[in-house]
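Q: Structure below; questions to follow.
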2 protein chains.
Amino acid sequence: MSTTPDRTDDSLIALRRILRATELYERKLARSAGLTPPKLRVLQILAARPDGSATPKALAVQMGVAQATVTALVDKLEADRLVSRLRSETDRRQTNVAITGAGRDALGQAPDALQQRFVRAFEGLADWEQAQLVSSLERVAAMLDAEEMDASPVLAVGDLKTGTPS
Amino acid sequence: MSTTPDRTDDSLIALRRILRATELYERKLARSAGLTPPKLRVLQILAARPDGSATPKALAVQMGVAQATVTALVDKLEADRLVSRLRSETDRRQTNVAITGAGRDALGQAPDALQQRFVRAFEGLADWEQAQLVSSLERVAAMLDAEEMDASPVLAVGDLKTGTPS
DNA sequence: TTTTTTGCTTTGGATGTCTAAGTAAAGGGG
DNA sequence: CCCCTTTACTTAGACATCCAAAGCAAAAAA
């Protein structure tokens with residue numbers, strides 16, 4: 001039986017290289033901007049929003065960590081004036097965490113890891129190559145996060161103690 | 001306008017989904033096996049070696065952390081009998097960290113995140129689709145870790161297919 | 001032999017992360 | 001209106017990761 005799991009192995013190896021390279025580079029970049037990776041991610045998420053703000057809850061879900069963790073991160077970012085807290089008018093339980101000008105400046109010092117590494121090379125590719133790459137990446141992404149959606153709509157927070165199957 | 005299929009954005013989004021899904025799932029898996037992600041990675045690296053062992057130095061390089069960090073991780077894994085330390089005969093400065101039977105058992109409880117998520121879907125694809133995916137992933141990986149090379153002589157799970165072009 | 005380099009550990013401290021418990025606001029009956 | 005539940009966030013306490021710097025021991029070089 002020529003099982004030839006070659007392709008599977010090859011794809012896994014490539015995927016691992018992608019993950020590893022990105023992770024290591026992210027750490028390096030964050031350090032060089034005087035930030036840590038989690039803090040950097042908070043700023044990135046905020047900057048990516050149209051209004052530059054989000055609730056701690058939303059941050060927790062998007063980052064996949066507990067709310068308490070976000071609180072701690074925001075505490076420190078706020079102490080450094082990189083974000084600011086503002087109570088919501090409509091629902092006073094909610095807090096809006098907004099990126100400040102200084103926060104955006106800091107982001108500029110640590111541009112997105114993927115951007116840095118990937119974009120330049122990608123944009124040098126021929127049109128059909130770009131199209132194929134996008135198609136492949138989206139396919140892989142769908143494979144990977146498909147089960148994420150249904151299995152744990154809000155997997156981050158405190159709920160899934162139930163974890164272990166059988 | 002409208003269409004302007006910004007391929008760069010699309011590819012970045014897909015890449016981010018891949019990274020995020022893998023990271024979150026890895027955390028979940030490690031927890032379900034009573035391990036933490038870094039400890040799990042140590043076991044995975046060891047298990048992927050032909051002899052099931054590596055020096056702390058090699059682990060540090062491959063994981064992208066300081067040696068002191070590896071020492072701490074190995075301390076705990078050793079306390080749990082998941083790995084064992086053994087001084088090298090040929091160079092008594094070196095220590096060999098080897099995975100134990102219990103360590104392999106633990107690994108079995110937390111099978112590789114990518115394996116779990118990805119392999120099944122991948123192997124259901126048509127031959128030409130697999131080929132295209134591999135090609136695309138390898139291309140992306142090469143884009144991402146090209147500059148990484150200097151810092152990581154031995155980066156992958158065993159072998160490295162065709163080296164990256166200069 | 002003496003010095004330097006190399007591999008690993010120890011120390012001390014910063015950070016991230018979680019769970020559990022607490023506070024405060026909103027919403028729903030009764 | 002009051003009580004109860006839910007929701008959003010914070011606080012408190014406990015671990016775990018991670019690092020730089022210093023220490024130690026063995027190998028290599030001078």
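Identifiers for the structure tokens are assigned positionally: chains receive A, B, ... in sequence, residues are indexed from 1 per chain, and ligands are indexed from 1 in the order shown.
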Give me, as a tab-separated table, the closest atom pair and its distance (Å, one decimal) for every residue of chain C within a cut-off of 8 Å of chain B, counting only C-alpha atoms (C1' of nucleotides), rows sorted by chain and rising number.
A:
```
residue	atom	partner	partner_atom	distance
C:DG7	C1'	B:Arg93	CA	5.4
C:DC8	C1'	B:Arg93	CA	7.2
C:DT9	C1'	B:Thr71	CA	7.2
```
Q: Which residues of chain D are close to chain B, meaning at most 8 Å apart when you count only C-alpha atoms (C1' of nucleotides), and how do they look as JSON, numbers by chain?
A: {"D": [17, 18, 19, 25, 26, 27]}
Q: Taking only C-alpha atoms into account, find every residue of chain B that has an atom no more than 6 Å from chain A, and write it out as JSON, numbers by chain.
A: {"B": [11, 14, 17, 18, 21, 32, 117, 133, 134, 136, 137, 138, 141, 144, 145]}
Q: Assign secondary structure with DSSP using the backbone only, and return the residues of chain B in alpha helix (DSSP H) as a PyMOL selection string.
A: chain B and resi 7-32+37-48+56-63+67-79+101-109+113-114+120-123+127-145
Q: Rounded to one decimal place, report the atom CA of B:Ala33-atom CA of B:Leu107 distance in Å.
A: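 Atom CA of B:Leu107 lies at a distance of 8.0 Å from atom CA of B:Ala33.
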Q: Write down as a VMD selection string the residues belonging to stretch 27-151 of chain A that are assigned strand (DSSP E or B) by DSSP computed on the backbone.
A: chain A and resid 53 to 54 83 to 87 95 to 99
Q: Interatomic distance between atom CA of B:Ala60 and atom CA of B:Ile99?
A: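 The value is 15.9 Å.
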Q: Got a sec to align chain A on chain B by every in-order Cα pair and hand back the fitted coordinates as a PDB file with C-alpha atoms, in the first residue's frame?
A:
```pdb
ATOM      1  CA  MET A   1      -6.747  50.124 -12.326  1.00  0.00           C
ATOM      2  CA  SER A   2      -8.672  47.193 -11.122  1.00  0.00           C
ATOM      3  CA  THR A   3      -5.935  46.161  -8.818  1.00  0.00           C
ATOM      4  CA  THR A   4      -8.279  43.475  -7.560  1.00  0.00           C
ATOM      5  CA  PRO A   5      -6.175  42.405  -4.633  1.00  0.00           C
ATOM      6  CA  ASP A   6      -9.182  40.279  -3.908  1.00  0.00           C
ATOM      7  CA  ARG A   7      -7.402  37.027  -4.211  1.00  0.00           C
ATOM      8  CA  THR A   8      -4.503  38.141  -2.116  1.00  0.00           C
ATOM      9  CA  ASP A   9      -6.793  39.382   0.595  1.00  0.00           C
ATOM     10  CA  ASP A  10      -8.874  36.259   0.444  1.00  0.00           C
ATOM     11  CA  SER A  11      -5.892  34.021   0.757  1.00  0.00           C
ATOM     12  CA  LEU A  12      -4.505  36.030   3.650  1.00  0.00           C
ATOM     13  CA  ILE A  13      -7.799  35.889   5.446  1.00  0.00           C
ATOM     14  CA  ALA A  14      -8.025  32.166   4.978  1.00  0.00           C
ATOM     15  CA  LEU A  15      -4.472  31.722   6.168  1.00  0.00           C
ATOM     16  CA  ARG A  16      -5.198  33.761   9.234  1.00  0.00           C
ATOM     17  CA  ARG A  17      -8.230  31.692   9.996  1.00  0.00           C
ATOM     18  CA  ILE A  18      -6.095  28.596   9.749  1.00  0.00           C
ATOM     19  CA  LEU A  19      -3.457  29.992  12.061  1.00  0.00           C
ATOM     20  CA  ARG A  20      -5.884  31.329  14.571  1.00  0.00           C
ATOM     21  CA  ALA A  21      -8.066  28.266  14.730  1.00  0.00           C
ATOM     22  CA  THR A  22      -5.102  26.019  15.201  1.00  0.00           C
ATOM     23  CA  GLU A  23      -3.508  28.161  17.857  1.00  0.00           C
ATOM     24  CA  LEU A  24      -6.641  28.519  19.923  1.00  0.00           C
ATOM     25  CA  TYR A  25      -7.466  24.882  19.658  1.00  0.00           C
ATOM     26  CA  GLU A  26      -3.959  23.902  20.637  1.00  0.00           C
ATOM     27  CA  ARG A  27      -4.241  25.923  23.824  1.00  0.00           C
ATOM     28  CA  LYS A  28      -7.554  24.348  24.637  1.00  0.00           C
ATOM     29  CA  LEU A  29      -6.320  20.860  24.020  1.00  0.00           C
ATOM     30  CA  ALA A  30      -3.189  21.301  26.071  1.00  0.00           C
ATOM     31  CA  ARG A  31      -5.177  22.617  28.984  1.00  0.00           C
ATOM     32  CA  SER A  32      -7.594  19.758  28.858  1.00  0.00           C
ATOM     33  CA  ALA A  33      -4.666  17.368  29.248  1.00  0.00           C
ATOM     34  CA  GLY A  34      -3.129  19.261  32.121  1.00  0.00           C
ATOM     35  CA  LEU A  35      -0.303  20.499  29.932  1.00  0.00           C
ATOM     36  CA  THR A  36       0.732  23.790  28.456  1.00  0.00           C
ATOM     37  CA  PRO A  37       1.246  24.234  24.715  1.00  0.00           C
ATOM     38  CA  PRO A  38       5.049  24.352  24.895  1.00  0.00           C
ATOM     39  CA  LYS A  39       5.237  21.244  27.037  1.00  0.00           C
ATOM     40  CA  LEU A  40       2.836  19.524  24.713  1.00  0.00           C
ATOM     41  CA  ARG A  41       5.028  20.408  21.770  1.00  0.00           C
ATOM     42  CA  VAL A  42       8.049  18.914  23.445  1.00  0.00           C
ATOM     43  CA  LEU A  43       6.203  15.664  23.936  1.00  0.00           C
ATOM     44  CA  GLN A  44       4.920  15.721  20.374  1.00  0.00           C
ATOM     45  CA  ILE A  45       8.370  16.221  18.964  1.00  0.00           C
ATOM     46  CA  LEU A  46       9.788  13.413  21.041  1.00  0.00           C
ATOM     47  CA  ALA A  47       6.972  11.045  20.196  1.00  0.00           C
ATOM     48  CA  ALA A  48       7.456  11.741  16.525  1.00  0.00           C
ATOM     49  CA  ARG A  49      11.049  10.527  16.647  1.00  0.00           C
ATOM     50  CA  PRO A  50      11.740   6.903  15.941  1.00  0.00           C
ATOM     51  CA  ASP A  51      13.498   6.414  19.257  1.00  0.00           C
ATOM     52  CA  GLY A  52      11.324   8.816  21.211  1.00  0.00           C
ATOM     53  CA  SER A  53      14.209  11.019  22.246  1.00  0.00           C
ATOM     54  CA  ALA A  54      16.155  14.088  21.246  1.00  0.00           C
ATOM     55  CA  THR A  55      18.799  16.406  22.599  1.00  0.00           C
ATOM     56  CA  PRO A  56      17.826  19.731  24.141  1.00  0.00           C
ATOM     57  CA  LYS A  57      19.663  21.395  21.299  1.00  0.00           C
ATOM     58  CA  ALA A  58      17.544  19.645  18.702  1.00  0.00           C
ATOM     59  CA  LEU A  59      14.402  20.500  20.612  1.00  0.00           C
ATOM     60  CA  ALA A  60      15.411  24.146  20.800  1.00  0.00           C
ATOM     61  CA  VAL A  61      16.048  24.355  17.083  1.00  0.00           C
ATOM     62  CA  GLN A  62      12.870  22.602  16.133  1.00  0.00           C
ATOM     63  CA  MET A  63      10.750  24.676  18.478  1.00  0.00           C
ATOM     64  CA  GLY A  64      12.472  27.905  17.676  1.00  0.00           C
ATOM     65  CA  VAL A  65      13.325  28.802  21.264  1.00  0.00           C
ATOM     66  CA  ALA A  66      16.536  29.177  23.225  1.00  0.00           C
ATOM     67  CA  GLN A  67      18.200  26.223  24.835  1.00  0.00           C
ATOM     68  CA  ALA A  68      17.603  27.682  28.251  1.00  0.00           C
ATOM     69  CA  THR A  69      13.906  27.588  27.563  1.00  0.00           C
ATOM     70  CA  VAL A  70      14.079  23.934  26.696  1.00  0.00           C
ATOM     71  CA  THR A  71      15.964  23.260  29.883  1.00  0.00           C
ATOM     72  CA  ALA A  72      13.168  24.831  31.883  1.00  0.00           C
ATOM     73  CA  LEU A  73      10.494  22.892  30.026  1.00  0.00           C
ATOM     74  CA  VAL A  74      12.322  19.607  30.361  1.00  0.00           C
ATOM     75  CA  ASP A  75      12.866  20.272  34.063  1.00  0.00           C
ATOM     76  CA  LYS A  76       9.147  20.434  34.581  1.00  0.00           C
ATOM     77  CA  LEU A  77       8.305  17.548  32.311  1.00  0.00           C
ATOM     78  CA  GLU A  78      10.891  15.462  34.100  1.00  0.00           C
ATOM     79  CA  ALA A  79       9.456  16.413  37.464  1.00  0.00           C
ATOM     80  CA  ASP A  80       6.135  15.090  36.213  1.00  0.00           C
ATOM     81  CA  ARG A  81       7.810  11.909  34.930  1.00  0.00           C
ATOM     82  CA  LEU A  82       6.687  12.604  31.388  1.00  0.00           C
ATOM     83  CA  VAL A  83      10.237  12.593  30.051  1.00  0.00           C
ATOM     84  CA  SER A  84      13.557  11.349  31.357  1.00  0.00           C
ATOM     85  CA  ARG A  85      17.084  12.606  30.935  1.00  0.00           C
ATOM     86  CA  LEU A  86      19.931  10.310  30.077  1.00  0.00           C
ATOM     87  CA  ARG A  87      23.521  11.327  29.409  1.00  0.00           C
ATOM     88  CA  SER A  88      24.861  10.290  26.064  1.00  0.00           C
ATOM     89  CA  GLU A  89      27.538   7.621  26.177  1.00  0.00           C
ATOM     90  CA  THR A  90      29.326   8.747  23.061  1.00  0.00           C
ATOM     91  CA  ASP A  91      29.464  12.425  23.898  1.00  0.00           C
ATOM     92  CA  ARG A  92      29.032  13.125  27.548  1.00  0.00           C
ATOM     93  CA  ARG A  93      28.198  16.741  26.957  1.00  0.00           C
ATOM     94  CA  GLN A  94      24.970  15.667  25.372  1.00  0.00           C
ATOM     95  CA  THR A  95      21.803  14.711  27.133  1.00  0.00           C
ATOM     96  CA  ASN A  96      19.073  12.610  25.654  1.00  0.00           C
ATOM     97  CA  VAL A  97      15.575  13.613  26.553  1.00  0.00           C
ATOM     98  CA  ALA A  98      13.268  10.663  26.105  1.00  0.00           C
ATOM     99  CA  ILE A  99       9.523  10.475  26.396  1.00  0.00           C
ATOM    100  CA  THR A 100       8.273   8.037  29.011  1.00  0.00           C
ATOM    101  CA  GLY A 101       5.276   5.791  28.984  1.00  0.00           C
ATOM    102  CA  ALA A 102       3.445   8.312  31.096  1.00  0.00           C
ATOM    103  CA  GLY A 103       4.430  10.939  28.554  1.00  0.00           C
ATOM    104  CA  ARG A 104       2.886   8.959  25.748  1.00  0.00           C
ATOM    105  CA  ASP A 105      -0.222   8.472  27.829  1.00  0.00           C
ATOM    106  CA  ALA A 106      -0.465  12.224  28.318  1.00  0.00           C
ATOM    107  CA  LEU A 107      -0.093  12.708  24.594  1.00  0.00           C
ATOM    108  CA  GLY A 108      -2.980  10.364  24.094  1.00  0.00           C
ATOM    109  CA  GLN A 109      -5.079  12.665  26.226  1.00  0.00           C
ATOM    110  CA  ALA A 110      -4.244  15.613  24.014  1.00  0.00           C
ATOM    111  CA  PRO A 111      -4.091  14.308  20.501  1.00  0.00           C
ATOM    112  CA  ASP A 112      -2.599  16.564  17.961  1.00  0.00           C
ATOM    113  CA  ALA A 113      -4.677  19.605  17.242  1.00  0.00           C
ATOM    114  CA  LEU A 114      -4.336  19.357  13.520  1.00  0.00           C
ATOM    115  CA  GLN A 115      -5.070  15.682  13.582  1.00  0.00           C
ATOM    116  CA  GLN A 116      -8.238  16.216  15.497  1.00  0.00           C
ATOM    117  CA  ARG A 117      -9.554  19.072  13.467  1.00  0.00           C
ATOM    118  CA  PHE A 118      -8.344  18.358  10.062  1.00  0.00           C
ATOM    119  CA  VAL A 119      -7.818  14.721   9.360  1.00  0.00           C
ATOM    120  CA  ARG A 120     -11.362  13.581   9.562  1.00  0.00           C
ATOM    121  CA  ALA A 121     -12.575  16.221   7.141  1.00  0.00           C
ATOM    122  CA  PHE A 122      -9.662  15.695   4.830  1.00  0.00           C
ATOM    123  CA  GLU A 123     -10.166  12.006   4.540  1.00  0.00           C
ATOM    124  CA  GLY A 124     -13.723  12.537   3.535  1.00  0.00           C
ATOM    125  CA  LEU A 125     -12.704  14.370   0.405  1.00  0.00           C
ATOM    126  CA  ALA A 126     -12.594  12.957  -3.062  1.00  0.00           C
ATOM    127  CA  ASP A 127      -9.260  11.815  -4.323  1.00  0.00           C
ATOM    128  CA  TRP A 128      -8.673  14.674  -6.697  1.00  0.00           C
ATOM    129  CA  GLU A 129      -9.646  17.154  -4.052  1.00  0.00           C
ATOM    130  CA  GLN A 130      -7.094  15.747  -1.671  1.00  0.00           C
ATOM    131  CA  ALA A 131      -4.442  15.937  -4.329  1.00  0.00           C
ATOM    132  CA  GLN A 132      -5.215  19.530  -5.096  1.00  0.00           C
ATOM    133  CA  LEU A 133      -5.232  20.476  -1.444  1.00  0.00           C
ATOM    134  CA  VAL A 134      -1.880  18.889  -0.785  1.00  0.00           C
ATOM    135  CA  SER A 135      -0.391  20.594  -3.774  1.00  0.00           C
ATOM    136  CA  SER A 136      -1.717  23.951  -2.692  1.00  0.00           C
ATOM    137  CA  LEU A 137      -0.624  23.589   0.899  1.00  0.00           C
ATOM    138  CA  GLU A 138       2.852  22.561  -0.093  1.00  0.00           C
ATOM    139  CA  ARG A 139       3.079  25.501  -2.390  1.00  0.00           C
ATOM    140  CA  VAL A 140       2.072  27.883   0.362  1.00  0.00           C
ATOM    141  CA  ALA A 141       4.444  26.253   2.799  1.00  0.00           C
ATOM    142  CA  ALA A 142       7.268  26.670   0.342  1.00  0.00           C
ATOM    143  CA  MET A 143       6.431  30.329  -0.053  1.00  0.00           C
ATOM    144  CA  LEU A 144       6.427  30.866   3.663  1.00  0.00           C
ATOM    145  CA  ASP A 145       9.452  29.011   4.855  1.00  0.00           C
ATOM    146  CA  ALA A 146      11.666  29.438   1.852  1.00  0.00           C
ATOM    147  CA  GLU A 147      13.553  32.360   3.295  1.00  0.00           C
ATOM    148  CA  GLU A 148      13.647  30.698   6.641  1.00  0.00           C
ATOM    149  CA  MET A 149      16.200  28.203   5.504  1.00  0.00           C
ATOM    150  CA  ASP A 150      18.957  30.349   4.165  1.00  0.00           C
ATOM    151  CA  ALA A 151      18.372  33.407   6.258  1.00  0.00           C
ATOM    152  CA  SER A 152      18.635  31.581   9.523  1.00  0.00           C
ATOM    153  CA  PRO A 153      19.806  28.021   9.491  1.00  0.00           C
ATOM    154  CA  VAL A 154      19.822  27.990  13.230  1.00  0.00           C
ATOM    155  CA  LEU A 155      17.837  31.070  13.828  1.00  0.00           C
ATOM    156  CA  ALA A 156      16.629  29.968  17.176  1.00  0.00           C
ATOM    157  CA  VAL A 157      19.525  30.150  19.484  1.00  0.00           C
ATOM    158  CA  GLY A 158      21.171  33.224  20.728  1.00  0.00           C
ATOM    159  CA  ASP A 159      22.797  34.493  17.635  1.00  0.00           C
ATOM    160  CA  LEU A 160      20.707  36.830  15.587  1.00  0.00           C
ATOM    161  CA  LYS A 161      21.014  39.998  17.571  1.00  0.00           C
ATOM    162  CA  THR A 162      21.879  41.510  14.229  1.00  0.00           C
ATOM    163  CA  GLY A 163      18.204  41.282  13.372  1.00  0.00           C
ATOM    164  CA  THR A 164      17.131  44.703  12.235  1.00  0.00           C
ATOM    165  CA  PRO A 165      17.830  45.332   8.594  1.00  0.00           C
ATOM    166  CA  SER A 166      19.380  48.687   8.033  1.00  0.00           C
TER     167      SER A 166
END
```
Q: Show which residues sit within 10 Å of C:DG27, as a PyMOL selection string. Count only C-alpha atoms (C1' of nucleotides), and ignore same-chain residues fewer than 3 positions away.
A: chain D and resi 5-7
Q: Pull N, CA and C atoms (P, O5', C5', C4', C3', O3' and C1' of nucleotides) from the residues just selected and write them as a compact mmCIF listing (two decimals), in the first residue's frame.
A:
```
# COMPACT_ATOMS: atom_id res chain seq x y z
P DT D 5 -32.80 33.36 41.35
O5' DT D 5 -32.35 33.62 39.86
C5' DT D 5 -33.36 33.72 38.83
C4' DT D 5 -32.80 34.48 37.66
C3' DT D 5 -31.39 34.03 37.24
O3' DT D 5 -31.45 33.59 35.90
C1' DT D 5 -31.55 36.38 37.35
P DT D 6 -30.12 32.88 35.28
O5' DT D 6 -29.60 34.04 34.32
C5' DT D 6 -30.54 34.80 33.56
C4' DT D 6 -29.86 36.03 32.98
C3' DT D 6 -28.45 35.75 32.44
O3' DT D 6 -28.40 36.24 31.12
C1' DT D 6 -28.44 37.64 33.86
P DT D 7 -27.12 35.97 30.23
O5' DT D 7 -26.37 37.38 30.34
C5' DT D 7 -27.07 38.56 29.99
C4' DT D 7 -26.19 39.76 30.25
C3' DT D 7 -24.75 39.60 29.76
O3' DT D 7 -24.42 40.75 29.00
C1' DT D 7 -24.77 40.30 32.01
```
Q: Tell me which of D:DC3, D:DA29, D:DA14, D:DA20 sits closest to C:DG12, counting only C-alpha atoms (C1' of nucleotides).
A: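 Comparing D:DC3, D:DA29, D:DA14, D:DA20 against C:DG12, the winner is D:DA20.
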Q: Which polymer residues have any atom within 12 Å of an atom of C:DA21, counting only C-alpha atoms (C1' of nucleotides), with same-chain residues fewer than 5 positions away left out, as a list in words?
A: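 Answer for this query is DT10, DT11, DA12 and DG13 of chain D.
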